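One file, upload.txt, carrying compact mmCIF, C-alpha atoms:
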```txt
# COMPACT_ATOMS: atom_id res chain seq x y z
CA MET A 284 -30.34 23.45 11.60
CA ALA A 285 -27.08 24.38 13.31
CA ALA A 286 -24.22 25.60 11.17
CA ALA A 287 -21.21 23.34 10.91
CA ARG A 288 -18.39 24.35 13.23
CA LYS A 289 -15.38 25.73 11.40
CA PRO A 290 -12.36 23.48 11.95
CA VAL A 291 -9.09 24.64 13.47
CA VAL A 292 -6.91 25.75 10.58
CA GLU A 293 -3.13 25.77 10.56
CA VAL A 294 -1.58 27.78 7.73
CA ARG A 295 1.92 26.82 6.73
CA ARG A 296 3.83 29.21 4.51
CA SER A 297 6.65 28.03 2.30
CA GLN A 298 9.32 30.05 0.51
CA ARG A 299 9.78 27.18 -1.95
CA ARG A 300 6.07 27.12 -2.87
CA ARG A 301 5.36 29.62 -5.68
CA ARG A 302 1.78 29.23 -6.93
CA THR A 303 0.20 26.08 -5.59
CA VAL A 304 -2.03 25.77 -2.56
CA SER A 305 -3.01 22.49 -0.94
CA ALA A 306 -4.83 21.36 2.16
CA TYR A 307 -5.34 18.18 4.13
CA ARG A 308 -6.88 17.03 7.40
CA ASP A 309 -4.64 16.16 10.31
CA GLY A 310 -7.05 14.82 12.91
CA GLU A 311 -9.49 17.59 13.78
CA ARG A 312 -7.22 20.23 12.26
CA VAL A 313 -6.96 21.35 8.62
CA VAL A 314 -3.47 22.20 7.37
CA VAL A 315 -3.33 24.66 4.45
CA LEU A 316 -0.03 25.01 2.58
CA ILE A 317 0.45 28.34 0.79
CA PRO A 318 3.28 30.33 -0.81
CA ASP A 319 5.12 32.63 1.60
CA GLN A 320 4.51 35.70 -0.54
CA PHE A 321 0.69 35.56 -0.21
CA SER A 322 -0.89 38.58 1.47
CA GLN A 323 -3.22 38.18 4.45
CA THR A 324 -6.18 38.75 2.11
CA GLU A 325 -4.97 36.04 -0.28
CA GLU A 326 -4.35 33.72 2.64
CA SER A 327 -7.88 34.25 3.94
CA GLU A 328 -9.41 33.69 0.46
CA TRP A 329 -7.40 30.51 -0.06
CA VAL A 330 -8.19 29.11 3.38
CA ASP A 331 -11.92 29.55 2.69
CA ARG A 332 -11.55 28.04 -0.78
CA MET A 333 -9.61 25.03 0.49
CA LEU A 334 -12.07 24.40 3.35
CA ALA A 335 -14.88 24.38 0.77
CA ARG A 336 -12.95 21.92 -1.42
CA LEU A 337 -12.28 19.58 1.51
CA ALA A 338 -15.94 19.71 2.55
CA ALA A 339 -17.07 18.93 -1.00
CA ARG A 340 -14.62 16.03 -1.26
CA GLU A 341 -15.67 14.60 2.10
CA GLY A 342 -19.33 14.90 1.06
CA ARG A 343 -18.60 12.81 -2.02
CA LEU A 344 -16.80 10.25 0.11
CA ALA A 345 -19.69 9.64 2.49
CA ARG A 346 -20.45 6.30 0.93
CA SER A 347 -23.24 4.12 2.26
CA ASP A 348 -23.78 0.38 2.55
CA ALA A 349 -26.64 0.71 0.03
CA GLU A 350 -24.29 2.33 -2.49
CA LEU A 351 -21.79 -0.47 -1.87
CA LEU A 352 -24.48 -3.08 -2.58
CA ASP A 353 -25.44 -1.26 -5.81
CA ARG A 354 -21.79 -1.17 -6.82
CA ALA A 355 -21.58 -4.93 -6.19
CA GLY A 356 -24.57 -5.47 -8.47
CA ARG A 357 -22.90 -3.52 -11.27
CA LEU A 358 -19.66 -5.46 -10.88
CA ILE A 359 -21.52 -8.79 -10.94
CA LYS A 360 -23.25 -7.83 -14.21
CA LEU A 361 -19.97 -6.72 -15.77
CA TYR A 362 -17.60 -9.46 -14.64
CA LEU A 363 -19.45 -12.38 -13.04
CA ALA A 364 -22.79 -12.53 -14.86
CA GLU A 365 -22.50 -16.20 -15.87
CA HIS A 366 -22.39 -17.19 -12.18
CA GLY A 367 -25.89 -15.87 -11.49
CA ALA A 368 -27.10 -16.10 -7.89
CA GLU A 369 -23.84 -17.75 -6.86
CA ALA A 370 -22.12 -14.35 -7.16
CA VAL A 371 -24.81 -12.37 -5.31
CA PRO A 372 -24.02 -11.53 -1.67
CA ALA A 373 -26.62 -11.55 1.10
CA SER A 374 -25.10 -8.33 2.40
CA VAL A 375 -22.27 -5.92 1.71
CA ARG A 376 -21.26 -3.32 4.26
CA TRP A 377 -18.53 -0.98 5.39
CA VAL A 378 -16.87 -1.92 8.68
CA SER A 379 -14.42 -0.12 10.91
CA ASN A 380 -12.98 -3.14 12.73
CA GLN A 381 -10.80 -4.50 9.91
CA ASN A 382 -7.29 -3.23 10.32
CA GLY A 383 -5.42 -6.17 8.84
CA ARG A 384 -7.25 -6.55 5.53
CA TRP A 385 -9.04 -4.51 2.89
CA GLY A 386 -12.13 -6.69 2.86
CA SER A 387 -13.46 -10.07 3.87
CA CYS A 388 -16.04 -12.54 2.69
CA THR A 389 -17.84 -15.35 4.49
CA PRO A 390 -19.09 -17.66 1.73
CA ALA A 391 -21.16 -19.74 4.19
CA ASP A 392 -23.54 -16.84 4.89
CA ARG A 393 -22.68 -14.85 1.72
CA THR A 394 -21.66 -11.69 3.62
CA ILE A 395 -19.01 -9.23 2.49
CA ARG A 396 -17.36 -6.60 4.65
CA ILE A 397 -15.17 -3.83 3.24
CA SER A 398 -12.77 -1.92 5.50
CA HIS A 399 -13.56 1.75 6.10
CA ARG A 400 -9.92 2.39 5.10
CA VAL A 401 -10.99 1.82 1.48
CA GLN A 402 -13.86 4.35 1.58
CA ASP A 403 -11.84 7.37 0.50
CA MET A 404 -9.82 5.54 -2.16
CA PRO A 405 -10.56 5.99 -5.87
CA ASP A 406 -13.63 4.22 -7.23
CA TRP A 407 -11.55 1.83 -9.34
CA VAL A 408 -9.74 0.62 -6.19
CA ILE A 409 -13.03 0.14 -4.32
CA ASP A 410 -14.32 -1.82 -7.33
CA TYR A 411 -11.26 -4.06 -7.24
CA VAL A 412 -11.58 -4.81 -3.51
CA LEU A 413 -15.29 -5.48 -3.88
CA LEU A 414 -14.83 -7.70 -6.95
CA HIS A 415 -12.10 -9.59 -5.08
CA GLU A 416 -14.56 -10.35 -2.28
CA LEU A 417 -17.38 -11.19 -4.73
CA ALA A 418 -15.08 -13.70 -6.41
CA HIS A 419 -14.72 -15.42 -3.03
CA LEU A 420 -18.44 -16.22 -3.15
CA ILE A 421 -17.66 -18.36 -6.20
CA VAL A 422 -14.18 -19.60 -5.24
CA PRO A 423 -13.41 -19.40 -1.50
CA SER A 424 -9.64 -19.85 -1.84
CA HIS A 425 -6.95 -17.85 -3.65
CA ASN A 426 -6.37 -20.49 -6.32
CA ALA A 427 -5.84 -20.02 -10.08
CA ARG A 428 -9.58 -20.08 -10.79
CA PHE A 429 -10.15 -17.33 -8.23
CA TRP A 430 -7.40 -15.12 -9.69
CA ALA A 431 -8.78 -15.68 -13.19
CA LEU A 432 -12.12 -14.24 -12.02
CA VAL A 433 -10.40 -11.24 -10.41
CA ALA A 434 -8.25 -10.69 -13.51
CA ARG A 435 -11.41 -9.92 -15.50
CA TYR A 436 -11.31 -6.50 -13.90
CA PRO A 437 -9.17 -4.37 -16.26
CA ARG A 438 -7.54 -2.36 -13.47
CA ALA A 439 -6.84 -5.31 -11.17
CA GLU A 440 -3.04 -5.07 -11.26
CA ARG A 441 -3.11 -1.30 -10.97
CA ALA A 442 -5.44 -1.49 -7.96
CA ARG A 443 -3.26 -4.13 -6.29
CA GLY A 444 -0.26 -1.84 -6.75
CA TYR A 445 -2.19 1.08 -5.30
CA LEU A 446 -3.17 -0.97 -2.24
CA GLU A 447 0.39 -2.23 -1.80
CA GLY A 448 1.61 1.38 -1.93
CA VAL A 449 -0.92 2.52 0.66
CA ALA A 450 0.08 -0.35 2.94
CA ALA A 451 3.79 0.46 2.50
CA VAL A 452 3.32 4.17 3.23
CA SER A 453 1.19 3.49 6.30
CA GLY A 454 3.69 0.91 7.55
CA THR A 455 1.00 -1.73 7.90
CA SER A 456 0.83 -5.24 6.55
CA LEU A 457 -2.59 -5.46 4.95
CA SER A 458 -3.65 -8.55 3.05
CA ASP A 459 -6.16 -9.51 0.36
```
In structure tokens, write the structure found in this file.
Amino acid sequence: MAAARKPVVEVRRSQRRRRTVSAYRDGERVVVLIPDQFSQTEESEWVDRMLARLAAREGRLARSDAELLDRAGRLIKLYLAEHGAEAVPASVRWVSNQNGRWGSCTPADRTIRISHRVQDMPDWVIDYVLLHELAHLIVPSHNARFWALVARYPRAERARGYLEGVAAVSGTSLSD
């Protein structure tokens, strides 16, 4: 098995940064932010450490369609159990062609699609988006009955705020 290619790393030193180190991906490049006073040895150690952390995080985020379907099953049992088969989707999958919404549901064929943009969000946000789409299997519109189903999720308002914040920061207008 071939070893993974080490990404291009850009180290940015800051005189204002005293102890903290952080890293993020910028396209194919990894940017590592370190204090200016770090030695070359410390820089090298921290770059390796931060690359390992990013790789571990990205490994956790490699979520599959099967995991998404399992998650849907758990949410149905917790919040929509009394609706039985009516709440069960025929399929649930991640898609990369939804740029104007977080998820979508087609009640006629009972399919749910969740935007890839949601994949690296916290689990409780993914659960909200998925429960929102599951509720559409029961109530296709955004009426009071629909919102009552969604409101069963304890973090619904928090998740909506999170999604609104992400949309605002990215400068996009994403909808439910």
Neighbour list for stretch 289-305 of chain A as a count of residues only, cut-off 8 Å, all atoms listed in the file, skip fewer than 4 positions in-chain: 12
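From atom CA of A:Val449 back to atom CA of A:Glu416, the distance works out to 19.0 Å.
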Exercise: A:Arg346 partners within 9 Å, all atoms listed in the file, chain neighbours under 6 positions left out, as JSON, numbers by chain: {"A": [377, 402, 403]}
